[in-house]
$ cat final.cif   # mmCIF, C-alpha atoms
data_model
#
loop_
_atom_site.group_PDB
_atom_site.id
_atom_site.type_symbol
_atom_site.label_atom_id
_atom_site.label_comp_id
_atom_site.auth_asym_id
_atom_site.auth_seq_id
_atom_site.Cartn_x
_atom_site.Cartn_y
_atom_site.Cartn_z
ATOM 1 C CA MET E 1 51.789 247.878 -14.239
ATOM 2 C CA ARG E 2 55.538 248.025 -13.828
ATOM 3 C CA ALA E 3 57.278 245.426 -15.970
ATOM 4 C CA LEU E 4 60.839 244.145 -16.115
ATOM 5 C CA VAL E 5 62.508 242.361 -19.020
ATOM 6 C CA ALA E 6 65.717 240.517 -18.174
ATOM 7 C CA ARG E 7 68.316 239.771 -20.841
ATOM 8 C CA LEU E 8 71.648 239.306 -19.120
ATOM 9 C CA ASP E 9 73.869 238.554 -22.114
ATOM 10 C CA SER E 10 75.772 240.744 -24.558
ATOM 11 C CA PHE E 11 75.056 243.762 -26.761
ATOM 12 C CA GLY E 12 73.590 241.797 -29.660
ATOM 13 C CA ASP E 13 71.424 239.635 -27.411
ATOM 14 C CA VAL E 14 69.810 242.719 -25.912
ATOM 15 C CA LEU E 15 69.125 244.142 -29.378
ATOM 16 C CA LEU E 16 67.355 240.895 -30.296
ATOM 17 C CA ALA E 17 65.083 241.372 -27.285
ATOM 18 C CA GLY E 18 63.882 244.713 -28.661
ATOM 19 C CA PRO E 19 60.681 243.561 -30.406
ATOM 20 C CA ALA E 20 59.548 241.685 -27.272
ATOM 21 C CA ILE E 21 60.331 244.740 -25.148
ATOM 22 C CA ARG E 22 58.128 246.872 -27.401
ATOM 23 C CA ALA E 23 55.307 244.349 -26.910
ATOM 24 C CA VAL E 24 55.688 244.645 -23.131
ATOM 25 C CA ALA E 25 55.854 248.447 -23.332
ATOM 26 C CA ALA E 26 52.497 248.551 -25.138
ATOM 27 C CA ARG E 27 50.781 247.081 -22.052
ATOM 28 C CA ALA E 28 52.957 248.347 -19.181
ATOM 29 C CA ASN E 29 53.197 251.794 -17.629
ATOM 30 C CA HIS E 30 56.929 251.450 -17.009
ATOM 31 C CA VAL E 31 59.506 249.049 -18.477
ATOM 32 C CA THR E 32 62.874 248.295 -16.884
ATOM 33 C CA VAL E 33 65.475 246.252 -18.724
ATOM 34 C CA LEU E 34 67.752 244.196 -16.497
ATOM 35 C CA CYS E 35 70.983 243.506 -18.358
ATOM 36 C CA GLY E 36 74.708 243.149 -17.950
ATOM 37 C CA ARG E 37 77.320 245.822 -18.473
ATOM 38 C CA LEU E 38 77.974 244.747 -22.076
ATOM 39 C CA GLY E 39 74.292 244.837 -22.970
ATOM 40 C CA ALA E 40 73.523 248.188 -21.342
ATOM 41 C CA PRO E 41 74.461 250.405 -24.338
ATOM 42 C CA ALA E 42 72.044 248.405 -26.476
ATOM 43 C CA ALA E 43 69.269 248.595 -23.882
ATOM 44 C CA ARG E 44 69.555 252.384 -23.776
ATOM 45 C CA MET E 45 68.962 252.511 -27.543
ATOM 46 C CA LEU E 46 65.743 250.484 -27.562
ATOM 47 C CA PRO E 47 62.295 252.052 -27.991
ATOM 48 C CA GLY E 48 59.952 251.386 -25.084
ATOM 49 C CA VAL E 49 62.617 251.249 -22.380
ATOM 50 C CA ASP E 50 62.093 253.581 -19.415
ATOM 51 C CA ASP E 51 64.926 252.408 -17.186
ATOM 52 C CA VAL E 52 68.036 250.221 -17.439
ATOM 53 C CA LEU E 53 69.211 248.228 -14.433
ATOM 54 C CA VAL E 54 72.775 246.978 -14.930
ATOM 55 C CA TRP E 55 74.013 243.859 -13.163
ATOM 56 C CA ASP E 56 76.620 241.332 -14.284
ATOM 57 C CA ALA E 57 75.316 237.897 -13.367
ATOM 58 C CA PRO E 58 77.811 235.269 -12.190
ATOM 59 C CA TRP E 59 76.276 232.661 -14.523
ATOM 60 C CA VAL E 60 76.533 234.685 -17.758
ATOM 61 C CA GLY E 61 79.315 235.889 -20.050
ATOM 62 C CA LEU E 62 82.861 235.029 -21.041
ATOM 63 C CA THR E 63 84.390 236.333 -17.782
ATOM 64 C CA PRO E 64 81.606 236.185 -15.197
ATOM 65 C CA PRO E 65 82.147 237.808 -11.805
ATOM 66 C CA ALA E 66 82.365 235.848 -8.584
ATOM 67 C CA VAL E 67 79.179 235.367 -6.609
ATOM 68 C CA GLY E 68 78.763 238.190 -4.117
ATOM 69 C CA ARG E 69 76.030 238.143 -1.506
ATOM 70 C CA GLY E 70 76.081 241.916 -1.120
ATOM 71 C CA GLU E 71 75.630 242.504 -4.853
ATOM 72 C CA VAL E 72 72.752 240.040 -4.974
ATOM 73 C CA GLU E 73 71.032 241.633 -1.997
ATOM 74 C CA LEU E 74 71.422 245.104 -3.520
ATOM 75 C CA LEU E 75 69.885 243.910 -6.778
ATOM 76 C CA VAL E 76 66.961 242.269 -4.993
ATOM 77 C CA ASP E 77 66.347 245.460 -3.019
ATOM 78 C CA THR E 78 66.497 247.609 -6.189
ATOM 79 C CA ILE E 79 64.112 245.652 -8.432
ATOM 80 C CA ASP E 80 60.627 247.174 -8.515
ATOM 81 C CA ALA E 81 58.274 245.338 -10.854
ATOM 82 C CA ASP E 82 54.901 243.621 -10.892
ATOM 83 C CA ALA E 83 55.650 241.333 -13.859
ATOM 84 C CA ALA E 84 58.780 240.090 -15.581
ATOM 85 C CA LEU E 85 59.964 238.268 -18.680
ATOM 86 C CA VAL E 86 63.232 236.372 -18.361
ATOM 87 C CA LEU E 87 64.735 236.095 -21.848
ATOM 88 C CA THR E 88 67.508 233.556 -22.375
ATOM 89 C CA SER E 89 69.210 231.779 -25.247
ATOM 90 C CA PHE E 90 67.987 228.296 -26.097
ATOM 91 C CA HIS E 91 70.770 226.634 -24.074
ATOM 92 C CA GLN E 92 70.417 228.749 -20.910
ATOM 93 C CA SER E 93 68.278 228.311 -17.807
ATOM 94 C CA PRO E 94 66.131 231.246 -16.653
ATOM 95 C CA LEU E 95 65.760 229.885 -13.141
ATOM 96 C CA PRO E 96 68.624 231.692 -11.360
ATOM 97 C CA THR E 97 67.250 235.014 -12.591
ATOM 98 C CA ALA E 98 63.693 233.976 -11.740
ATOM 99 C CA LEU E 99 64.757 233.143 -8.184
ATOM 100 C CA LEU E 100 66.179 236.637 -7.674
ATOM 101 C CA LEU E 101 63.082 238.239 -9.161
ATOM 102 C CA ARG E 102 60.859 236.209 -6.863
ATOM 103 C CA LEU E 103 62.948 237.257 -3.863
ATOM 104 C CA ALA E 104 62.482 240.856 -5.060
ATOM 105 C CA GLY E 105 58.715 240.404 -4.834
ATOM 106 C CA VAL E 106 57.887 240.179 -8.543
ATOM 107 C CA ALA E 107 54.439 238.601 -8.595
ATOM 108 C CA HIS E 108 54.255 237.292 -12.176
ATOM 109 C CA ILE E 109 57.287 235.807 -13.943
ATOM 110 C CA ALA E 110 57.415 234.179 -17.389
ATOM 111 C CA ALA E 111 60.259 232.342 -19.104
ATOM 112 C CA ASP E 112 61.117 229.531 -21.477
ATOM 113 C CA SER E 113 62.252 226.616 -19.346
ATOM 114 C CA VAL E 114 62.920 222.939 -19.948
ATOM 115 C CA ASP E 115 63.726 222.544 -16.242
ATOM 116 C CA TYR E 116 61.053 222.115 -13.589
ATOM 117 C CA PRO E 117 60.633 225.614 -12.109
ATOM 118 C CA GLY E 118 58.807 224.827 -8.871
ATOM 119 C CA SER E 119 57.290 228.096 -7.658
ATOM 120 C CA LEU E 120 59.722 230.302 -9.595
ATOM 121 C CA LEU E 121 57.647 230.739 -12.755
ATOM 122 C CA ASP E 122 54.002 231.598 -13.314
ATOM 123 C CA VAL E 123 54.320 230.980 -17.056
ATOM 124 C CA ARG E 124 56.609 228.105 -18.005
ATOM 125 C CA HIS E 125 56.737 228.381 -21.773
ATOM 126 C CA GLN E 126 58.313 226.007 -24.296
ATOM 127 C CA ARG E 127 60.053 227.657 -27.217
ATOM 128 C CA ALA E 128 59.627 226.325 -30.749
ATOM 129 C CA PRO E 129 62.550 224.001 -31.572
ATOM 130 C CA HIS E 130 64.089 226.061 -34.371
ATOM 131 C CA ALA E 131 62.857 229.566 -33.574
ATOM 132 C CA HIS E 132 65.050 232.582 -34.174
ATOM 133 C CA GLU E 133 65.906 234.370 -30.917
ATOM 134 C CA VAL E 134 63.646 237.291 -31.889
ATOM 135 C CA GLU E 135 60.692 235.011 -32.574
ATOM 136 C CA ALA E 136 61.289 233.019 -29.397
ATOM 137 C CA ALA E 137 61.198 236.208 -27.314
ATOM 138 C CA LEU E 138 58.038 237.412 -29.042
ATOM 139 C CA ASP E 139 56.362 234.026 -28.500
ATOM 140 C CA LEU E 140 57.199 234.160 -24.793
ATOM 141 C CA ALA E 141 55.872 237.717 -24.515
ATOM 142 C CA GLN E 142 52.630 236.584 -26.181
ATOM 143 C CA ALA E 143 52.264 233.699 -23.726
ATOM 144 C CA ALA E 144 52.793 236.128 -20.842
ATOM 145 C CA GLY E 145 50.024 238.436 -22.066
ATOM 146 C CA PHE E 146 52.038 240.856 -24.183
ATOM 147 C CA PRO E 147 51.082 240.282 -27.840
ATOM 148 C CA ARG E 148 53.241 241.743 -30.575
ATOM 149 C CA VAL E 149 52.221 245.231 -31.612
ATOM 150 C CA ASP E 150 54.119 245.747 -34.865
ATOM 151 C CA ASP E 151 56.075 243.907 -37.569
ATOM 152 C CA GLY E 152 58.518 242.517 -35.013
ATOM 153 C CA ARG E 153 61.645 243.817 -36.706
ATOM 154 C CA LEU E 154 64.647 245.099 -34.805
ATOM 155 C CA ARG E 155 64.670 248.818 -34.061
ATOM 156 C CA VAL E 156 66.706 251.381 -32.166
ATOM 157 C CA LEU E 157 66.094 255.024 -31.392
ATOM 158 C CA PRO E 158 67.120 257.299 -34.294
ATOM 159 C CA PRO E 159 70.939 257.420 -34.318
ATOM 160 C CA PRO E 160 72.996 260.567 -34.861
ATOM 161 C CA ASN E 161 74.073 261.488 -38.362
ATOM 162 C CA ALA E 162 77.528 260.038 -38.953
ATOM 163 C CA LEU E 163 78.545 262.141 -41.942
ATOM 164 C CA ARG E 164 81.368 263.817 -40.020
ATOM 165 C CA LEU E 165 82.882 260.394 -39.393
ATOM 166 C CA THR E 166 82.237 258.616 -42.668
ATOM 167 C CA GLY E 167 82.305 261.359 -45.249
ATOM 168 C CA PRO E 168 79.731 261.292 -48.043
ATOM 169 C CA GLU E 169 77.677 258.269 -48.953
ATOM 170 C CA PRO E 170 77.616 255.719 -50.531
ATOM 171 C CA TYR E 171 79.880 253.353 -48.650
ATOM 172 C CA VAL E 172 80.067 249.783 -47.356
ATOM 173 C CA VAL E 173 81.030 248.912 -43.767
ATOM 174 C CA LEU E 174 83.323 246.045 -42.866
ATOM 175 C CA HIS E 175 83.459 245.173 -39.152
ATOM 176 C CA PRO E 176 86.240 242.610 -38.646
ATOM 177 C CA GLY E 177 86.148 242.004 -34.895
ATOM 178 C CA ALA E 178 84.190 239.566 -32.740
ATOM 179 C CA SER E 179 84.165 238.949 -29.002
ATOM 180 C CA VAL E 180 84.396 235.199 -29.658
ATOM 181 C CA PRO E 181 87.450 234.329 -31.807
ATOM 182 C CA ALA E 182 85.723 231.309 -33.371
ATOM 183 C CA ARG E 183 83.206 233.685 -35.002
ATOM 184 C CA ALA E 184 85.772 236.003 -36.620
ATOM 185 C CA TRP E 185 87.063 235.967 -40.190
ATOM 186 C CA SER E 186 90.839 236.285 -40.258
ATOM 187 C CA ARG E 187 92.391 239.736 -40.432
ATOM 188 C CA GLN E 188 94.158 238.753 -43.645
ATOM 189 C CA ARG E 189 90.884 237.804 -45.319
ATOM 190 C CA CYS E 190 89.261 241.016 -44.057
ATOM 191 C CA ALA E 191 92.085 243.121 -45.504
ATOM 192 C CA GLU E 192 91.753 241.282 -48.820
ATOM 193 C CA ALA E 193 88.032 242.008 -48.835
ATOM 194 C CA VAL E 194 88.650 245.726 -48.294
ATOM 195 C CA ARG E 195 91.032 245.776 -51.248
ATOM 196 C CA GLU E 196 88.648 243.820 -53.491
ATOM 197 C CA LEU E 197 85.662 245.934 -52.546
ATOM 198 C CA ALA E 198 87.647 249.089 -53.275
ATOM 199 C CA ALA E 199 88.729 247.624 -56.637
ATOM 200 C CA ALA E 200 85.055 246.966 -57.392
ATOM 201 C CA GLY E 201 84.298 250.657 -56.847
ATOM 202 C CA GLN E 202 83.029 250.547 -53.260
ATOM 203 C CA ARG E 203 84.156 253.015 -50.629
ATOM 204 C CA VAL E 204 84.848 250.935 -47.508
ATOM 205 C CA VAL E 205 84.545 252.067 -43.887
ATOM 206 C CA VAL E 206 86.137 249.782 -41.282
ATOM 207 C CA THR E 207 84.664 249.848 -37.773
ATOM 208 C CA GLY E 208 85.714 248.422 -34.426
ATOM 209 C CA GLY E 209 85.891 249.079 -30.708
ATOM 210 C CA ARG E 210 88.586 250.851 -28.725
ATOM 211 C CA GLY E 211 90.458 247.610 -28.152
ATOM 212 C CA GLU E 212 90.460 246.798 -31.861
ATOM 213 C CA ARG E 213 92.353 249.794 -33.248
ATOM 214 C CA GLU E 214 95.362 247.762 -34.348
ATOM 215 C CA LEU E 215 93.050 245.294 -36.100
ATOM 216 C CA THR E 216 91.008 247.953 -37.901
ATOM 217 C CA ALA E 217 94.125 249.850 -38.990
ATOM 218 C CA TYR E 218 95.537 246.662 -40.516
ATOM 219 C CA VAL E 219 92.263 245.755 -42.225
ATOM 220 C CA ALA E 220 91.624 249.247 -43.594
ATOM 221 C CA GLY E 221 95.168 249.581 -44.948
ATOM 222 C CA GLU E 222 95.435 252.100 -47.765
ATOM 223 C CA HIS E 223 92.053 251.260 -49.262
ATOM 224 C CA GLY E 224 89.555 251.774 -46.412
ATOM 225 C CA LEU E 225 88.588 254.464 -43.912
ATOM 226 C CA ASP E 226 89.557 253.348 -40.404
ATOM 227 C CA LEU E 227 87.017 254.265 -37.706
ATOM 228 C CA GLY E 228 88.347 251.809 -35.142
ATOM 229 C CA GLY E 229 87.769 253.124 -31.613
ATOM 230 C CA ARG E 230 86.109 256.303 -32.843
ATOM 231 C CA THR E 231 82.423 255.466 -32.254
ATOM 232 C CA ASP E 232 80.228 254.763 -29.268
ATOM 233 C CA ALA E 233 77.174 252.539 -29.709
ATOM 234 C CA ALA E 234 74.870 255.288 -30.975
ATOM 235 C CA GLU E 235 77.501 256.660 -33.363
ATOM 236 C CA LEU E 236 78.155 253.164 -34.691
ATOM 237 C CA ALA E 237 74.436 252.847 -35.351
ATOM 238 C CA GLY E 238 74.632 256.060 -37.360
ATOM 239 C CA VAL E 239 77.586 254.754 -39.372
ATOM 240 C CA LEU E 240 75.761 251.493 -40.099
ATOM 241 C CA ALA E 241 72.542 253.316 -40.981
ATOM 242 C CA GLY E 242 74.340 255.244 -43.713
ATOM 243 C CA ALA E 243 75.906 252.160 -45.278
ATOM 244 C CA ARG E 244 74.565 250.323 -48.302
ATOM 245 C CA ALA E 245 75.679 247.025 -46.754
ATOM 246 C CA VAL E 246 77.542 245.749 -43.699
ATOM 247 C CA VAL E 247 80.031 242.868 -43.783
ATOM 248 C CA THR E 248 80.587 241.264 -40.387
ATOM 249 C CA GLY E 249 80.558 238.049 -38.415
ATOM 250 C CA ASN E 250 77.928 236.799 -35.998
ATOM 251 C CA THR E 251 78.413 239.651 -33.560
ATOM 252 C CA GLY E 252 76.586 242.658 -32.148
ATOM 253 C CA PRO E 253 77.090 245.005 -35.127
ATOM 254 C CA ALA E 254 75.300 242.504 -37.384
ATOM 255 C CA HIS E 255 72.165 242.936 -35.265
ATOM 256 C CA LEU E 256 72.722 246.687 -34.952
ATOM 257 C CA ALA E 257 72.876 246.901 -38.752
ATOM 258 C CA ALA E 258 69.569 245.024 -38.954
ATOM 259 C CA ALA E 259 68.091 247.380 -36.356
ATOM 260 C CA VAL E 260 68.825 250.395 -38.575
ATOM 261 C CA GLY E 261 67.587 248.589 -41.694
ATOM 262 C CA THR E 262 70.914 247.953 -43.428
ATOM 263 C CA PRO E 263 71.492 244.701 -45.389
ATOM 264 C CA VAL E 264 74.088 242.337 -43.949
ATOM 265 C CA VAL E 265 76.687 240.018 -45.447
ATOM 266 C CA SER E 266 77.083 237.611 -42.562
ATOM 267 C CA LEU E 267 80.340 235.677 -42.176
ATOM 268 C CA PHE E 268 78.640 233.116 -39.972
ATOM 269 C CA ALA E 269 80.674 230.466 -38.179
ATOM 270 C CA PRO E 270 78.312 227.549 -37.373
ATOM 271 C CA VAL E 271 79.459 227.157 -33.751
ATOM 272 C CA VAL E 272 75.932 228.372 -32.982
ATOM 273 C CA PRO E 273 73.001 227.743 -35.355
ATOM 274 C CA ALA E 274 72.300 230.384 -37.973
ATOM 275 C CA GLU E 275 68.582 229.671 -37.830
ATOM 276 C CA ARG E 276 68.573 231.222 -34.351
ATOM 277 C CA TRP E 277 71.177 233.974 -34.716
ATOM 278 C CA ARG E 278 71.247 235.122 -38.351
ATOM 279 C CA PRO E 279 70.553 238.781 -39.240
ATOM 280 C CA TYR E 280 66.846 239.353 -38.722
ATOM 281 C CA GLY E 281 64.367 241.339 -40.775
ATOM 282 C CA VAL E 282 66.726 242.704 -43.461
ATOM 283 C CA PRO E 283 68.182 241.318 -46.697
ATOM 284 C CA TYR E 284 71.211 239.173 -45.895
ATOM 285 C CA VAL E 285 73.626 236.690 -47.406
ATOM 286 C CA LEU E 286 75.051 233.962 -45.181
ATOM 287 C CA LEU E 287 78.654 232.991 -45.943
ATOM 288 C CA GLY E 288 80.560 230.155 -44.278
ATOM 289 C CA ASP E 289 80.331 226.385 -44.266
ATOM 290 C CA GLN E 290 77.331 225.677 -42.054
ATOM 291 C CA GLY E 291 78.076 221.953 -42.108
ATOM 292 C CA ALA E 292 81.646 222.268 -40.821
ATOM 293 C CA PRO E 293 82.819 219.952 -37.997
ATOM 294 C CA CYS E 294 82.531 222.806 -35.470
ATOM 295 C CA ALA E 295 78.768 223.131 -36.068
ATOM 296 C CA ASP E 296 76.703 223.595 -32.888
ATOM 297 C CA SER E 297 79.775 223.207 -30.685
ATOM 298 C CA ARG E 298 79.409 226.698 -29.101
ATOM 299 C CA ALA E 299 83.207 226.783 -29.220
ATOM 300 C CA ARG E 300 84.929 230.067 -28.381
ATOM 301 C CA GLN E 301 88.167 229.047 -30.079
ATOM 302 C CA CYS E 302 87.830 227.206 -33.391
ATOM 303 C CA PRO E 303 88.378 223.486 -32.688
ATOM 304 C CA VAL E 304 89.328 222.716 -36.312
ATOM 305 C CA PRO E 305 92.826 223.619 -37.580
ATOM 306 C CA GLY E 306 92.766 226.425 -40.114
ATOM 307 C CA HIS E 307 89.254 227.648 -39.220
ATOM 308 C CA PRO E 308 87.894 226.197 -42.473
ATOM 309 C CA CYS E 309 84.252 227.190 -41.917
ATOM 310 C CA LEU E 310 85.163 230.846 -42.544
ATOM 311 C CA GLU E 311 88.585 230.692 -44.196
ATOM 312 C CA SER E 312 86.944 228.883 -47.117
ATOM 313 C CA VAL E 313 85.190 232.194 -47.863
ATOM 314 C CA SER E 314 87.145 234.378 -50.290
ATOM 315 C CA ALA E 315 87.260 238.135 -50.705
ATOM 316 C CA GLU E 316 85.619 237.640 -54.095
ATOM 317 C CA ASP E 317 82.744 235.816 -52.380
ATOM 318 C CA VAL E 318 82.222 238.852 -50.160
ATOM 319 C CA VAL E 319 82.231 241.264 -53.117
ATOM 320 C CA ALA E 320 79.589 239.167 -54.866
ATOM 321 C CA ALA E 321 77.487 238.971 -51.698
ATOM 322 C CA VAL E 322 77.674 242.726 -51.153
ATOM 323 C CA GLU E 323 76.459 243.338 -54.694
ATOM 324 C CA LYS E 324 73.613 240.871 -54.107
ATOM 325 C CA VAL E 325 72.305 242.420 -50.880
ATOM 326 C CA MET E 326 72.554 245.933 -52.289
ATOM 327 C CA VAL E 327 70.278 244.882 -55.175
ATOM 328 C CA ALA E 328 67.844 243.345 -52.667
ATOM 329 C CA GLU E 329 67.836 246.476 -50.480
#

$ encode --input "final.cif" --output "structure tokens"
Amino acid sequence: MRALVARLDSFGDVLLAGPAIRAVAARANHVTVLCGRLGAPAARMLPGVDDVLVWDAPWVGLTPPAVGRGEVELLVDTIDADAALVLTSFHQSPLPTALLLRLAGVAHIAADSVDYPGSLLDVRHQRAPHAHEVEAALDLAQAAGFPRVDDGRLRVLPPPNALRLTGPEPYVVLHPGASVPARAWSRQRCAEAVRELAAAGQRVVVTGGRGERELTAYVAGEHGLDLGGRTDAAELAGVLAGARAVVTGNTGPAHLAAAVGTPVVSLFAPVVPAERWRPYGVPYVLLGDQGAPCADSRARQCPVPGHPCLESVSAEDVVAAVEKVMVAE
């Protein structure tokens, strides 16, 4: 059987699909992951994946592409699968993806759907109301005939050793950036945390993407090691794997840290619910006012002046949380 797992969102979303993908891989001869450009580096790191098909859907992402008939027809002609899981977040519909898969000739399609699917789905599953995204994906896989085969924790293929980048262990990672501004702690608070962690005797490594070099340089200052723009996805996994703890917002590196077994201090803005998106399967401390007025708003820019849900967190709070998760490790 050739199986396809679709997860069309971002890097972290694809990582959260990993346990369900392993369940599919245990029963299928070949597993293709259909994902967007941002999720592709994560898909290529997941155990059980034989092939990655990259397509940016016009109904997904912060800057979705225009609808193009030629691109859709090419995708439909490329897909080669007997069965498919369509994984979506709790607020998304799987039906546009299911329609394309059906046009591609996929015979058996399963998804969580609150909308009537007509002939688009063979398994119309209902997710548990408060399930974490990992658990929801595993439940859907089970309903589609792919029971879980292991402990269900996040995993990636073994990353490269990052010693040449980080220098000797031990160290703590602080990742200040986020693709959604409402989920980011301020640069000033991040810089304060680096200074306080260093004062507490921690060596701090600051990570970020190529477009975040100015941010990471500011945050690292004179007290942290700036690796902004110096790692690809696999190298970042290696950096996170060597850390005693990772401090970051609700963003992809939080899930990558969990995938390599590193405890997480999560600066979690409640614009999406923590019960669904918190770090999974590792020790973690959740910081941030989860009852703030922005809760469950899915806002990209904080709708409350001063960003109080995260700015109420102090550098001292982060130091205490780091010490707590390192003890729990």

$ resolve_selection --input "final.cif" --expression "the PyMOL selection byres ((chain E and resi 299-306) around 6)" --output "list in words"
Val180, Pro181, Ala182, Val271, Ser297, Arg298, His307 and Pro308 of chain E

$ residues_near_point --input "final.cif" --point "(71.0, 244.0, -55.7)" --cutoff "12 Å" --atoms "all atoms listed in the file" --output "list in words"
Arg244, Ala245, Pro263, Pro283, Tyr284, Val285, Val319, Ala320, Ala321, Val322, Glu323, Lys324, Val325, Met326, Val327, Ala328 and Glu329 of chain E

$ closest_residue --input "final.cif" --among "E:Gly145, E:Gly209, E:Pro273, E:Gly252" --to "Phe11 of chain E" --atoms "only C-alpha atoms"
E:Gly252

$ axis_aligned_box --input "final.cif" --around "segment 8-11 of chain E" --padding-each-side "3 Å" --output "AutoDock Vina command-line options"
--center_x 73.7 --center_y 241.2 --center_z -22.9 --size_x 10.1 --size_y 11.2 --size_z 13.6

$ resolve_selection --input "final.cif" --expression "the PyMOL selection byres ((chain E and resi 20) around 12)" --output "count of residues only"
50

$ resolve_selection --input "final.cif" --expression "the PyMOL selection byres ((chain E and resi 281) around 7)" --output "PyMOL selection string"
chain E and resi 153+258+279-280+282

$ build_atoms --input "final.cif" --residues "segment 150-165 of chain E" --atoms "N, CA and C atoms" --output "mmCIF file, in the frame of the given file"
data_model
loop_
_atom_site.group_PDB
_atom_site.id
_atom_site.type_symbol
_atom_site.label_atom_id
_atom_site.label_comp_id
_atom_site.auth_asym_id
_atom_site.auth_seq_id
_atom_site.Cartn_x
_atom_site.Cartn_y
_atom_site.Cartn_z
ATOM 1 N N ASP E 150 53.643 245.200 -33.602
ATOM 2 C CA ASP E 150 54.119 245.747 -34.865
ATOM 3 C C ASP E 150 54.706 244.605 -35.692
ATOM 4 N N ASP E 151 55.545 244.932 -36.676
ATOM 5 C CA ASP E 151 56.075 243.907 -37.569
ATOM 6 C C ASP E 151 57.152 243.034 -36.937
ATOM 7 N N GLY E 152 57.564 243.357 -35.707
ATOM 8 C CA GLY E 152 58.518 242.517 -35.013
ATOM 9 C C GLY E 152 59.957 242.655 -35.457
ATOM 10 N N ARG E 153 60.265 243.643 -36.268
ATOM 11 C CA ARG E 153 61.645 243.817 -36.706
ATOM 12 C C ARG E 153 62.467 244.515 -35.621
ATOM 13 N N LEU E 154 63.771 244.412 -35.746
ATOM 14 C CA LEU E 154 64.647 245.099 -34.805
ATOM 15 C C LEU E 154 64.581 246.597 -35.051
ATOM 16 N N ARG E 155 64.661 247.365 -33.956
ATOM 17 C CA ARG E 155 64.670 248.818 -34.061
ATOM 18 C C ARG E 155 65.515 249.400 -32.952
ATOM 19 N N VAL E 156 66.081 250.577 -33.206
ATOM 20 C CA VAL E 156 66.706 251.381 -32.166
ATOM 21 C C VAL E 156 66.200 252.806 -32.313
ATOM 22 N N LEU E 157 66.420 253.610 -31.289
ATOM 23 C CA LEU E 157 66.094 255.024 -31.392
ATOM 24 C C LEU E 157 66.905 255.656 -32.511
ATOM 25 N N PRO E 158 66.397 256.710 -33.160
ATOM 26 C CA PRO E 158 67.120 257.299 -34.294
ATOM 27 C C PRO E 158 68.555 257.660 -33.921
ATOM 28 N N PRO E 159 69.539 257.131 -34.656
ATOM 29 C CA PRO E 159 70.939 257.420 -34.318
ATOM 30 C C PRO E 159 71.368 258.777 -34.851
ATOM 31 N N PRO E 160 72.478 259.299 -34.339
ATOM 32 C CA PRO E 160 72.996 260.567 -34.861
ATOM 33 C C PRO E 160 73.518 260.407 -36.275
ATOM 34 N N ASN E 161 73.486 261.499 -37.015
ATOM 35 C CA ASN E 161 74.073 261.488 -38.362
ATOM 36 C C ASN E 161 75.580 261.302 -38.251
ATOM 37 N N ALA E 162 76.109 260.391 -39.054
ATOM 38 C CA ALA E 162 77.528 260.038 -38.953
ATOM 39 C C ALA E 162 78.375 260.624 -40.074
ATOM 40 N N LEU E 163 77.839 261.602 -40.779
ATOM 41 C CA LEU E 163 78.545 262.141 -41.942
ATOM 42 C C LEU E 163 79.927 262.677 -41.591
ATOM 43 N N ARG E 164 80.062 263.260 -40.406
ATOM 44 C CA ARG E 164 81.368 263.817 -40.020
ATOM 45 C C ARG E 164 82.418 262.721 -39.843
ATOM 46 N N LEU E 165 81.967 261.517 -39.556
ATOM 47 C CA LEU E 165 82.882 260.394 -39.393
ATOM 48 C C LEU E 165 83.163 259.687 -40.716
#
